[in-house]
Each structure stands twice: as C-alpha cells, then as structure tokens.
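Chemist: mmCIF, C-alpha atoms, saved as input_10.cif, coming up:
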```cif
data_run
#
loop_
_atom_site.label_atom_id
_atom_site.label_comp_id
_atom_site.auth_asym_id
_atom_site.auth_seq_id
_atom_site.Cartn_x
_atom_site.Cartn_y
_atom_site.Cartn_z
CA MET A 1 119.13 82.52 182.48
CA ASP A 2 122.50 82.19 180.79
CA VAL A 3 124.55 79.12 181.44
CA PRO A 4 128.34 79.74 181.46
CA ARG A 5 130.23 77.71 178.81
CA LYS A 6 133.20 75.77 180.01
CA ASN A 7 136.72 76.45 178.39
CA ALA A 8 135.41 79.42 176.31
CA ALA A 9 138.25 81.69 177.29
CA ARG A 10 140.78 79.02 176.55
CA ASN A 11 139.32 78.37 173.09
CA ARG A 12 139.37 82.07 172.24
CA MET A 13 143.05 82.25 173.20
CA ILE A 14 143.93 79.25 171.03
CA ARG A 15 141.99 80.74 168.08
CA ARG A 16 143.81 84.03 168.41
CA LEU A 17 147.18 82.31 168.55
CA VAL A 18 146.38 80.29 165.42
CA ILE A 19 145.23 83.36 163.51
CA THR A 20 148.34 85.26 164.57
CA ALA A 21 150.60 82.38 163.47
CA VAL A 22 148.81 82.14 160.11
CA VAL A 23 149.19 85.87 159.53
CA LEU A 24 152.86 85.80 160.50
CA VAL A 25 153.56 82.99 158.00
CA THR A 26 151.32 84.23 155.18
CA ILE A 27 152.52 87.84 154.97
CA PRO A 28 156.23 86.98 154.38
CA ALA A 29 155.20 84.30 151.91
CA ILE A 30 153.08 86.77 149.97
CA HIS A 31 155.86 89.36 150.03
CA LEU A 32 158.41 86.81 148.77
CA GLY A 33 156.06 85.73 146.06
CA LEU A 34 155.45 89.28 144.94
CA GLN A 35 159.19 89.86 144.77
CA ARG A 36 159.59 86.85 142.52
CA LEU A 37 156.89 87.92 140.14
CA LYS A 38 158.20 89.31 136.81
CA PRO A 39 157.12 92.84 135.98
CA ALA A 40 154.55 93.16 133.30
CA ALA A 41 156.07 93.50 129.80
CA ILE A 42 155.82 97.01 128.38
CA GLY A 43 153.87 97.35 125.17
CA VAL A 44 155.64 98.51 121.98
CA GLU A 45 154.15 99.15 118.54
CA PHE A 46 155.80 96.51 116.31
CA GLY A 47 155.39 98.65 113.19
CA THR A 48 157.76 101.25 114.63
CA LEU A 49 160.58 98.73 115.09
CA TRP A 50 163.30 97.59 112.69
CA PRO A 51 163.58 93.80 112.86
CA ASP A 52 165.91 91.50 110.94
CA THR A 53 166.44 87.75 110.73
CA VAL A 54 169.77 86.05 111.38
CA LYS A 55 171.05 84.18 108.34
CA ARG A 56 174.15 82.29 107.26
CA GLY A 57 175.90 82.91 103.95
CA GLU A 58 178.16 85.37 102.15
CA MET A 59 178.77 88.68 103.87
CA LEU A 60 180.28 91.59 101.97
CA ARG A 61 182.38 93.83 104.21
CA GLN A 62 182.27 97.48 103.17
CA VAL A 63 183.02 100.93 104.53
CA ARG A 64 181.32 104.08 103.35
CA GLY A 65 182.35 107.69 103.32
CA LEU A 66 181.27 111.03 101.92
CA GLY A 67 183.57 113.09 99.73
CA THR A 68 183.95 115.19 96.61
CA LEU A 69 185.20 114.86 93.07
CA VAL A 70 188.57 116.57 92.64
CA PRO A 71 190.85 116.91 89.59
CA GLU A 72 193.58 114.31 89.28
CA GLU A 73 195.93 117.14 88.38
CA ILE A 74 195.60 120.90 88.82
CA LEU A 75 197.83 122.95 86.52
CA SER A 76 198.92 126.08 88.35
CA ILE A 77 200.08 128.78 85.93
CA PRO A 78 202.76 131.05 87.46
CA ALA A 79 204.13 134.38 86.28
CA ASN A 80 207.39 133.86 84.39
CA THR A 81 208.55 137.39 85.12
CA GLU A 82 207.64 140.43 87.14
CA GLY A 83 204.86 142.53 85.68
CA ARG A 84 201.51 144.25 86.13
CA VAL A 85 198.16 142.69 85.21
CA ASP A 86 196.62 144.71 82.36
CA ARG A 87 193.71 142.51 81.26
CA ARG A 88 191.73 139.43 82.32
CA LEU A 89 190.40 137.85 79.17
CA LEU A 90 188.46 134.86 80.58
CA LEU A 91 186.39 133.99 83.63
CA PRO A 92 186.44 130.71 85.62
CA GLY A 93 184.54 127.94 83.87
CA ALA A 94 185.71 128.86 80.37
CA GLN A 95 186.98 126.13 78.06
CA VAL A 96 190.66 126.66 77.20
CA ARG A 97 193.24 125.22 74.82
CA PRO A 98 197.04 125.24 75.22
CA ASP A 99 197.44 128.53 73.31
CA THR A 100 194.44 130.30 74.88
CA VAL A 101 195.48 133.66 76.39
CA LEU A 102 194.12 134.07 79.93
CA LEU A 103 195.82 137.28 81.07
CA GLU A 104 197.91 140.07 79.63
CA LEU A 105 200.74 141.58 81.69
CA SER A 106 203.02 144.52 81.02
CA SER A 107 206.62 145.23 82.03
CA PRO A 108 208.37 148.32 80.56
CA GLU A 109 211.64 147.32 82.23
CA LEU A 110 211.55 143.91 80.55
CA GLN A 111 210.88 145.46 77.15
CA THR A 112 213.84 147.83 77.62
CA ASN A 113 216.08 144.95 78.64
CA THR A 114 214.96 143.03 75.57
CA ILE A 115 215.96 145.89 73.26
CA ASP A 116 219.35 146.16 75.00
CA ALA A 117 219.90 142.41 74.63
CA GLU A 118 219.04 142.66 70.92
CA TRP A 119 221.60 145.41 70.30
CA GLN A 120 224.27 143.58 72.30
CA LEU A 121 223.66 140.53 70.16
CA LYS A 122 223.96 142.56 66.94
CA ALA A 123 227.19 144.17 68.17
CA ALA A 124 228.66 140.78 69.05
CA GLU A 125 227.72 139.41 65.64
CA ALA A 126 229.41 142.41 63.96
CA ASN A 127 232.54 141.90 66.09
CA TYR A 128 232.60 138.25 65.12
CA THR A 129 232.39 139.13 61.42
CA ASP A 130 235.13 141.75 61.76
CA LEU A 131 237.40 139.39 63.66
CA LYS A 132 236.83 136.66 61.10
CA VAL A 133 237.76 139.00 58.20
CA ARG A 134 240.90 140.29 59.96
CA LEU A 135 242.08 136.81 60.87
CA GLU A 136 241.45 135.53 57.37
CA SER A 137 243.43 138.49 56.00
CA ASP A 138 246.31 137.76 58.36
CA HIS A 139 246.16 134.13 57.35
CA LEU A 140 246.39 135.08 53.64
CA ASN A 141 249.36 137.35 54.35
CA GLN A 142 251.17 134.52 56.10
CA GLU A 143 250.34 132.17 53.25
CA ALA A 144 251.77 134.75 50.80
CA ALA A 145 254.92 135.09 52.91
CA LEU A 146 255.26 131.32 53.03
CA ALA A 147 254.89 131.14 49.27
CA THR A 148 257.56 133.82 48.83
CA VAL A 149 260.02 131.96 51.05
CA PHE A 150 259.28 128.74 49.19
CA ALA A 151 259.96 130.44 45.87
CA GLN A 152 263.22 131.83 47.23
CA TYR A 153 264.15 128.37 48.43
CA GLN A 154 263.48 126.89 45.00
CA GLN A 155 265.63 129.58 43.38
CA ALA A 156 268.45 129.06 45.88
CA LYS A 157 268.27 125.31 45.46
CA LEU A 158 268.66 125.64 41.67
CA GLU A 159 271.64 127.94 42.13
CA ALA A 160 273.26 125.57 44.62
CA ASP A 161 272.78 122.63 42.24
CA ARG A 162 274.33 124.72 39.42
CA ASP A 163 277.36 125.76 41.46
CA GLU A 164 277.97 122.20 42.63
CA ALA A 165 277.86 121.01 39.02
CA LEU A 166 280.31 123.72 37.90
CA TYR A 167 282.59 122.88 40.82
CA LYS A 168 282.66 119.23 39.78
CA GLU A 169 283.57 120.31 36.23
CA GLY A 170 286.28 122.57 37.64
CA LEU A 171 284.60 125.65 36.36
CA ALA A 172 283.85 127.15 39.79
CA VAL A 173 285.49 127.31 43.16
CA GLU A 174 284.33 125.08 46.04
CA ILE A 175 283.48 127.93 48.40
CA LYS A 176 280.91 129.37 46.05
CA ALA A 177 279.14 125.98 45.80
CA LYS A 178 279.07 125.71 49.61
CA ILE A 179 277.71 129.23 49.99
CA SER A 180 274.94 128.52 47.52
CA ARG A 181 274.06 125.26 49.30
CA ASN A 182 274.00 127.01 52.70
CA ILE A 183 271.65 129.70 51.39
CA ALA A 184 269.32 127.03 50.01
CA ASP A 185 269.33 125.10 53.31
CA ASN A 186 268.58 128.23 55.33
CA LEU A 187 265.66 129.07 53.08
CA MET A 188 264.36 125.50 53.44
CA ASN A 189 264.51 125.75 57.24
CA ARG A 190 262.79 129.13 57.14
CA HIS A 191 260.08 127.65 54.91
CA ASN A 192 259.48 124.80 57.35
CA ILE A 193 259.30 127.20 60.30
CA ASP A 194 256.89 129.51 58.49
CA LYS A 195 254.80 126.50 57.52
CA ARG A 196 254.48 125.38 61.16
CA ARG A 197 253.77 128.99 62.16
CA LEU A 198 250.93 129.10 59.61
CA GLU A 199 249.49 125.86 61.02
CA LYS A 200 249.56 127.28 64.56
CA PHE A 201 248.02 130.52 63.32
CA SER A 202 245.17 128.49 61.76
CA GLU A 203 244.54 126.88 65.14
CA SER A 204 244.67 130.31 66.79
CA ILE A 205 242.14 131.61 64.29
CA GLU A 206 239.74 128.79 65.14
CA ALA A 207 240.19 129.39 68.88
CA GLN A 208 239.55 133.13 68.59
CA LEU A 209 236.52 132.62 66.37
CA ALA A 210 235.18 129.94 68.74
CA ALA A 211 235.49 132.33 71.69
CA GLN A 212 233.66 135.05 69.79
CA ARG A 213 230.99 132.58 68.62
CA THR A 214 230.46 131.56 72.26
CA ARG A 215 229.95 135.19 73.16
CA VAL A 216 227.50 135.58 70.29
CA GLU A 217 225.55 132.45 71.34
CA GLN A 218 225.49 133.63 74.94
CA LEU A 219 224.00 136.96 73.94
CA ARG A 220 221.60 135.24 71.52
CA ALA A 221 220.36 132.97 74.32
CA LEU A 222 219.93 135.99 76.58
CA TYR A 223 218.02 137.82 73.85
CA GLN A 224 215.80 134.80 73.17
CA LEU A 225 215.14 134.52 76.90
CA LYS A 226 214.04 138.14 77.02
CA VAL A 227 211.87 137.62 73.94
CA SER A 228 210.26 134.56 75.51
CA GLN A 229 209.65 136.54 78.70
CA VAL A 230 207.99 139.30 76.72
CA GLU A 231 205.88 136.70 74.95
CA ALA A 232 205.04 135.17 78.35
CA LEU A 233 203.44 138.47 79.36
CA LYS A 234 200.53 136.98 77.46
CA VAL A 235 199.71 134.24 79.95
CA ARG A 236 198.47 131.12 78.17
CA ALA A 237 196.66 128.06 79.51
CA GLY A 238 199.34 125.58 78.43
CA THR A 239 196.89 122.68 78.29
CA GLU A 240 193.37 121.78 77.27
CA GLY A 241 190.79 121.97 80.02
CA VAL A 242 188.65 124.37 82.03
CA LEU A 243 189.78 127.54 83.76
CA GLN A 244 189.08 126.89 87.43
CA GLU A 245 190.38 130.05 89.07
CA VAL A 246 192.12 133.36 88.36
CA THR A 247 193.99 134.44 91.48
CA VAL A 248 194.99 138.01 90.49
CA GLN A 249 193.18 141.23 89.74
CA VAL A 250 193.64 143.84 87.02
CA GLY A 251 196.26 146.40 88.09
CA GLN A 252 197.95 144.04 90.52
CA LYS A 253 201.74 143.85 90.38
CA VAL A 254 203.08 140.32 90.51
CA ALA A 255 206.55 138.90 91.03
CA ALA A 256 208.07 136.05 89.08
CA GLY A 257 206.62 132.75 90.26
CA THR A 258 203.35 134.22 91.56
CA PRO A 259 200.41 131.83 90.81
CA LEU A 260 198.10 133.54 88.33
CA ALA A 261 195.48 130.94 87.43
CA LYS A 262 194.52 127.27 87.72
CA VAL A 263 193.39 125.00 84.89
CA VAL A 264 191.86 121.56 85.40
CA GLN A 265 190.76 118.76 83.12
CA PRO A 266 187.19 117.94 84.22
CA TRP A 267 187.24 114.59 82.44
CA ARG A 268 190.12 113.46 84.66
CA LEU A 269 188.60 113.48 88.14
CA LYS A 270 189.05 111.29 91.20
CA ALA A 271 186.94 110.80 94.31
CA GLU A 272 188.37 112.11 97.58
CA LEU A 273 186.52 110.23 100.33
CA LYS A 274 186.49 110.83 104.09
CA ILE A 275 186.43 107.45 105.88
CA PRO A 276 185.94 107.30 109.69
CA GLU A 277 189.30 106.52 111.25
CA THR A 278 187.84 103.58 113.18
CA GLN A 279 186.86 101.92 109.87
CA ALA A 280 189.87 102.95 107.77
CA LYS A 281 192.27 100.40 109.26
CA ASP A 282 191.17 97.70 106.79
CA VAL A 283 191.28 99.91 103.68
CA LEU A 284 194.04 98.92 101.25
CA ILE A 285 195.27 100.33 97.94
CA GLY A 286 193.65 98.58 94.98
CA GLN A 287 190.36 97.69 96.70
CA PRO A 288 187.26 98.24 94.52
CA VAL A 289 185.12 101.32 95.12
CA GLN A 290 181.61 102.28 94.05
CA VAL A 291 181.23 106.07 93.77
CA ASP A 292 177.67 107.42 93.82
CA THR A 293 177.49 110.80 92.06
CA ARG A 294 173.69 111.08 92.58
CA ASN A 295 173.50 110.81 88.81
CA GLY A 296 174.98 107.36 88.43
CA ILE A 297 177.40 104.97 90.11
CA ILE A 298 180.97 104.76 88.82
CA ALA A 299 183.39 101.92 89.48
CA GLY A 300 186.83 102.81 90.81
CA LYS A 301 189.64 101.57 93.02
CA VAL A 302 191.60 102.93 95.97
CA SER A 303 194.69 104.76 94.71
CA ARG A 304 195.97 106.57 97.83
CA ILE A 305 195.44 106.53 101.59
CA ASP A 306 196.38 109.58 103.63
CA PRO A 307 198.86 108.50 106.33
CA ALA A 308 197.35 110.89 108.90
CA ALA A 309 193.83 111.31 110.24
CA GLN A 310 192.19 114.71 110.45
CA GLY A 311 188.97 115.51 112.28
CA GLY A 312 188.28 111.84 112.98
CA THR A 313 188.51 110.81 109.32
CA VAL A 314 191.12 109.47 106.93
CA THR A 315 191.24 110.78 103.36
CA VAL A 316 191.13 108.01 100.73
CA ASP A 317 191.56 108.77 97.02
CA ALA A 318 189.74 106.58 94.49
CA VAL A 319 190.67 106.70 90.81
CA LEU A 320 187.61 106.32 88.55
CA LEU A 321 187.64 103.50 86.00
CA GLU A 322 184.56 104.47 84.00
CA ALA A 323 183.33 107.48 82.07
CA LEU A 324 181.89 110.27 84.17
CA PRO A 325 178.13 110.87 83.98
CA LYS A 326 176.68 114.13 82.81
CA GLY A 327 176.92 116.89 85.36
CA ALA A 328 180.07 115.52 87.01
CA ARG A 329 182.41 118.37 87.84
CA PRO A 330 185.07 119.29 90.41
CA ASP A 331 183.82 119.72 94.02
CA LEU A 332 180.67 117.66 93.33
CA ASN A 333 179.54 115.88 96.53
CA VAL A 334 179.66 112.09 96.20
CA GLU A 335 179.39 109.00 98.40
CA GLY A 336 181.87 106.16 98.09
CA THR A 337 181.58 102.54 99.22
CA ILE A 338 184.83 100.58 99.52
CA GLU A 339 184.69 96.78 99.34
CA LEU A 340 187.03 95.36 101.99
CA GLU A 341 186.48 91.60 101.62
CA ARG A 342 183.90 88.87 101.00
CA LEU A 343 183.26 86.45 103.89
CA ASN A 344 181.76 83.04 103.09
CA ASN A 345 179.48 80.94 105.34
CA VAL A 346 179.18 83.64 108.00
CA LEU A 347 176.35 84.01 110.52
CA ASN A 348 175.22 87.60 110.11
CA VAL A 349 172.39 90.04 110.64
CA GLY A 350 171.64 93.66 109.92
CA ARG A 351 173.84 96.06 111.83
CA PRO A 352 172.19 97.31 115.07
CA VAL A 353 172.06 101.02 115.77
CA PHE A 354 174.57 100.77 118.61
CA GLY A 355 176.39 97.63 117.50
CA GLN A 356 180.15 98.02 117.08
CA GLU A 357 182.29 95.22 115.69
CA LYS A 358 184.01 92.85 118.09
CA SER A 359 181.83 93.86 121.05
CA THR A 360 179.07 92.31 123.18
CA VAL A 361 175.63 93.95 123.19
CA THR A 362 172.13 93.03 124.30
CA LEU A 363 169.41 92.75 121.67
CA PHE A 364 165.69 92.02 121.91
CA LYS A 365 165.09 88.59 120.39
CA VAL A 366 161.55 88.18 119.02
CA ASP A 367 159.54 85.27 120.46
CA ALA A 368 158.47 82.43 118.22
CA ASP A 369 154.83 83.59 118.40
CA LYS A 370 155.94 87.16 117.58
CA LYS A 371 153.91 88.55 120.47
CA GLY A 372 156.92 89.89 122.34
CA ALA A 373 160.71 89.93 122.62
CA THR A 374 163.26 89.13 125.30
CA ARG A 375 166.61 90.79 125.84
CA VAL A 376 169.59 88.45 125.12
CA PRO A 377 173.37 89.04 125.10
CA VAL A 378 174.98 88.82 121.65
CA LYS A 379 178.69 88.76 120.81
CA LEU A 380 179.45 90.57 117.53
CA GLY A 381 182.34 90.05 115.14
CA ARG A 382 183.41 91.78 111.92
CA SER A 383 181.14 94.50 110.58
CA SER A 384 180.18 96.09 107.31
CA VAL A 385 178.14 99.12 106.31
CA SER A 386 174.75 97.47 106.90
CA THR A 387 175.56 93.96 108.26
CA ILE A 388 177.57 92.51 111.12
CA GLU A 389 178.88 89.05 111.99
CA ILE A 390 177.27 87.09 114.86
CA VAL A 391 179.81 85.16 116.96
CA GLU A 392 177.63 84.01 119.88
CA GLY A 393 174.10 84.42 121.23
CA LEU A 394 171.96 83.88 118.14
CA LYS A 395 171.31 81.19 115.54
CA VAL A 396 169.98 81.04 112.00
CA GLY A 397 166.34 82.09 111.82
CA ASP A 398 166.32 84.17 115.01
CA MET A 399 164.64 87.54 114.60
CA VAL A 400 166.09 90.48 116.54
CA ILE A 401 165.26 94.16 116.88
CA LEU A 402 167.94 96.43 115.40
CA SER A 403 166.27 99.73 116.27
CA ASP A 404 167.40 102.07 119.03
CA MET A 405 165.95 100.41 122.16
CA SER A 406 167.75 102.56 124.73
CA ALA A 407 164.35 103.72 126.03
CA TYR A 408 163.73 100.15 127.27
CA ASP A 409 167.07 99.57 129.01
CA ASN A 410 165.24 98.82 132.30
CA HIS A 411 163.03 96.15 130.73
CA GLU A 412 163.99 92.57 130.01
CA ARG A 413 160.88 91.94 127.93
CA ILE A 414 158.62 93.89 125.65
CA SER A 415 155.23 92.94 124.18
CA PHE A 416 154.02 93.93 120.74
CA LYS A 417 150.80 95.83 120.22
#
```
Using structure tokens, write down the structure that the file contains.
Modeler:
Amino acid sequence: MDVPRKNAARNRMIRRLVITAVVLVTIPAIHLGLQRLKPAAIGVEFGTLWPDTVKRGEMLRQVRGLGTLVPEEILSIPANTEGRVDRRLLLPGAQVRPDTVLLELSSPELQTNTIDAEWQLKAAEANYTDLKVRLESDHLNQEAALATVFAQYQQAKLEADRDEALYKEGLAVEIKAKISRNIADNLMNRHNIDKRRLEKFSESIEAQLAAQRTRVEQLRALYQLKVSQVEALKVRAGTEGVLQEVTVQVGQKVAAGTPLAKVVQPWRLKAELKIPETQAKDVLIGQPVQVDTRNGIIAGKVSRIDPAAQGGTVTVDAVLLEALPKGARPDLNVEGTIELERLNNVLNVGRPVFGQEKSTVTLFKVDADKKGATRVPVKLGRSSVSTIEIVEGLKVGDMVILSDMSAYDNHERISFK
C-alpha cells in the first residue's frame, strides 16, 4: 500500500515559486541582452566600392567646367547704305581676305544721286574757275588804273618842280607854281588811296576764292562719299579670316546699318567656360587654366569673369596661351580646369560623392583587417575637383569609402565579401 509522504505539497509549492521567480528574472534579462546586441553587419562586395587612403601633403585646388571655343573678336559687317541683295558669292566656312567680296547689292537711287553729285561738283569747279578769271581781270584793271594815276602824279610832280624853279628865277608867277604843286599832291593822295584799294581788293579776291573753294571741296567730299557708297555695294570682308555667317538672302532689301555677315579669325579663339556658381567664388582673373579640346590640352589663363550667374553657372573666359591643335574651331566643346591655389601640408583624401566643402559627413572607415568598415563622422574643409581637405575625424593612413553609400544609411557597419 502507498505510504503518504510528509511535506510533499509544501515542497511542490516552493519549487513552483522558485521556477516562477527564475522565469520572471531571466526573461527581462534576456530581452535586455537582446536589445544590447549589435545587428549583424550587412555584406557588401568590396570590388564595387571606391576606397581611398587619407594622406598628408600638397593639395591642388581646382574647379572644372564645360564650355566652348569662341572667337576673341567677331567682325560684324553692316550695310553702309540702303540697297537690295543681288548676289551671295561665298558660303559660311570660306577663307576670306580683306578685299574678298562677300555680297553684291544694288541701289538705283544711290547711283542717280552719285551722278547728280558729280555734275554739281563739275559745275562748282567751273564757277570757281570763272570767278577766279573775273577777279584776276578786275585786279589787272585796278593795277592799270593805279599805274595811270602814278604816271599822272609823276608828270604833275615834274611840272610843279618846274614852275617852282621858274618862280624862284622870277620867270613865272607864284600862283601857277602853287597850282602845279596842288595838282601833284592831289594825284599823290589819289595814288595812295588807289594803292590801298588794290590791297583790299586782293584780300577780297582771296576771300571770294576761298569761299568758292570751300563749296567745291564740300561737293567733292559729297561726291566721294557717294562713290564710296556705290563701291560699298560690293560688300567686302575687311579682314583675313573665315566667313562664319551670312545673315541676309538674295532679293532682300536692307537698310543702312543692317548686319550682313560675320567674319571670325579661327586662330584667335578663347575658351568660354561654365563654372558652377557655388565653385566660382574663388575664381580670379589671371589664374592658370588647362583647356582640354579632346585633341590636346592647351594652357591658358582667366581673362574675364561674368558678374552675373545664369542657370546656376558663371561664365568664365580663358585666353589661350598656346597654339591651337588641329581641328580646333569655333563652337568646339571643351573642358576647362582652373587652378585656384596650392595648399601645402594638408590632410586630404579623394572627394566623396556627397561631400561638400566645409561640411560634416559620415563616411565608412575601413577596419585595419579590411574585413569591414564602420561609419565615422568626418569634418571636411576646402575642396578641389577630385580631392577634399580633412579637418577632423580621420588621420593619415585611414582608408575610407568614397562611393555612394546612401543605401546603407541605416547601418553603422558593413562587412566585405
């Protein structure tokens, strides 16, 4: 028969209480421990990443921009007078010299005006010749009259001297000697007056001829202007270069001053670069530039900076200091790199995908065993095209990931496969 065990119920109660207490203590401890466990590092293929090592040394600050080659000077050829386009003799791209005819215009009204100006000039020249002959004739007549009066004065003077001599000898009366002297004096005064009148007439002749010469020169200048305008109906290049554009069509009527064509000198080109406005603040005139034409790199320097930004970029002109390579022509796409400054003894690394200068970012720093990487905050300084200054967070020899790691923003660590 079964024998009842003493205190069995009490022991079972104690055992249950102990188990319950153990469970109540263990479960929170396990939960807390699980919370403190780090999540497993996500695996990343190392070959798909772009790593770089932090180093200290010289750092070349640069900015880069795309652009085109443009002529340093574009010669725009305007119409000198109103006319109608009769002929286009050349097409864009043709080599031209200063006397090369590009277009031929016609203007019947201008040709008529030129003929009228020519006849007006000839009439004025004839009037000048006629006036000159008449004035010279009048001058000779006055000279003859002056000579006649002078001869009369000489005759009267001789008679007066004779009568005075006879009067002194008592052979003539005094009144006759006085009359003769008075006649001689009057003729002398008349001679002096006529002499001054002849001098004034000579000045008048010169003034009248000068006025007529001015009229002749005025009409000659007008005629020459008309002739030059007729000659300008043959539109010439005016310089050596390449015809870039003809802006009018045959049969088109153009007014004076209308642009007809453009001529450029392809051996005098400059690079017109578009620099992002956020990077253009450090660009200065005179800074060296390397212009990549895809067929060679040409050295240059910054010659002009546009004061205004357009479309998020600032236009920077770079004058080229070396000979252009073959194939260089206006509107050719180029890439320019401007050297801002050289920094010595600077801690730097390759520029991260999302790393902007003077900002703080987080980068994955590669472990010493290169089996994984941990996210660390890094303070960045001045930047260049492909490098950036490290201010805080890294030291020489540290390897960081520069690739776009935005897909791992929720992970503090990654492991390499």
Chemist: Using all atoms listed in the file, which protein or nucleic acid residues come within 12 Å of Asp161 (chain A)? Drop anything in the same chain fewer than 2 positions from it, and give the result as a list in words.
Modeler: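 Contacts, with the query itself left out: Gln154, Gln155, Ala156, Lys157, Leu158, Glu159, Asp163, Glu164, Ala165, Leu166, Tyr167, Lys168, Lys176, Ala177, Lys178, Ile179, Ser180, Arg181, Asn182, Ile183, Ala184 and Asp185 of chain A.
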Chemist: Take the selection from the previous step and output its residues with C-alpha atoms, as a CSV table (one decimal), keeping the file's coordinate frame.
Modeler:
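Final file, result.csv:
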```
chain,number,residue,atom,x,y,z
A,154,GLN,CA,263.5,126.9,45.0
A,155,GLN,CA,265.6,129.6,43.4
A,156,ALA,CA,268.4,129.1,45.9
A,157,LYS,CA,268.3,125.3,45.5
A,158,LEU,CA,268.7,125.6,41.7
A,159,GLU,CA,271.6,127.9,42.1
A,163,ASP,CA,277.4,125.8,41.5
A,164,GLU,CA,278.0,122.2,42.6
A,165,ALA,CA,277.9,121.0,39.0
A,166,LEU,CA,280.3,123.7,37.9
A,167,TYR,CA,282.6,122.9,40.8
A,168,LYS,CA,282.7,119.2,39.8
A,176,LYS,CA,280.9,129.4,46.0
A,177,ALA,CA,279.1,126.0,45.8
A,178,LYS,CA,279.1,125.7,49.6
A,179,ILE,CA,277.7,129.2,50.0
A,180,SER,CA,274.9,128.5,47.5
A,181,ARG,CA,274.1,125.3,49.3
A,182,ASN,CA,274.0,127.0,52.7
A,183,ILE,CA,271.6,129.7,51.4
A,184,ALA,CA,269.3,127.0,50.0
A,185,ASP,CA,269.3,125.1,53.3
```
Chemist: Mind checking which residues fall within 9 Å of region 318-335 of chain A, counting all atoms listed in the file, ignoring those fewer than 5 positions away in the same chain, and posting them as an MDAnalysis selection string?
Modeler: chainID A and resid 64:72 264 266:273 286 288:304
Chemist: Work out how far CA of Asp138 (chain A) is from CA of Lys122 (chain A), in Å to one decimal.
Modeler: 24.4 Å
Chemist: Spell out the residues picked by the PyMOL selection byres ((chain A and resi 362) around 7) here, as a list in words.
Modeler: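 After applying the PyMOL selection byres ((chain A and resi 362) around 7), what remains is Val361, Leu363, Phe364, Arg375, Val376, Pro377 and Val378 of chain A.
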Chemist: Output the selection as a tab-separated table (two decimals), keeping the file's coordinate frame - C-alpha atoms for each residue.
Modeler:
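Output file selection_9.tsv is given in full below:
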```tsv
chain	number	residue	atom	x	y	z
A	361	VAL	CA	175.63	93.95	123.19
A	363	LEU	CA	169.41	92.75	121.67
A	364	PHE	CA	165.69	92.02	121.91
A	375	ARG	CA	166.61	90.79	125.84
A	376	VAL	CA	169.59	88.45	125.12
A	377	PRO	CA	173.37	89.04	125.10
A	378	VAL	CA	174.98	88.82	121.65
```
Chemist: Rounded to one decimal place, report the CA of Leu91 (chain A)-CA of Val246 (chain A) distance in Å.
Modeler: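 About the pair CA of Leu91 (chain A) and CA of Val246 (chain A): they are 7.5 Å apart.
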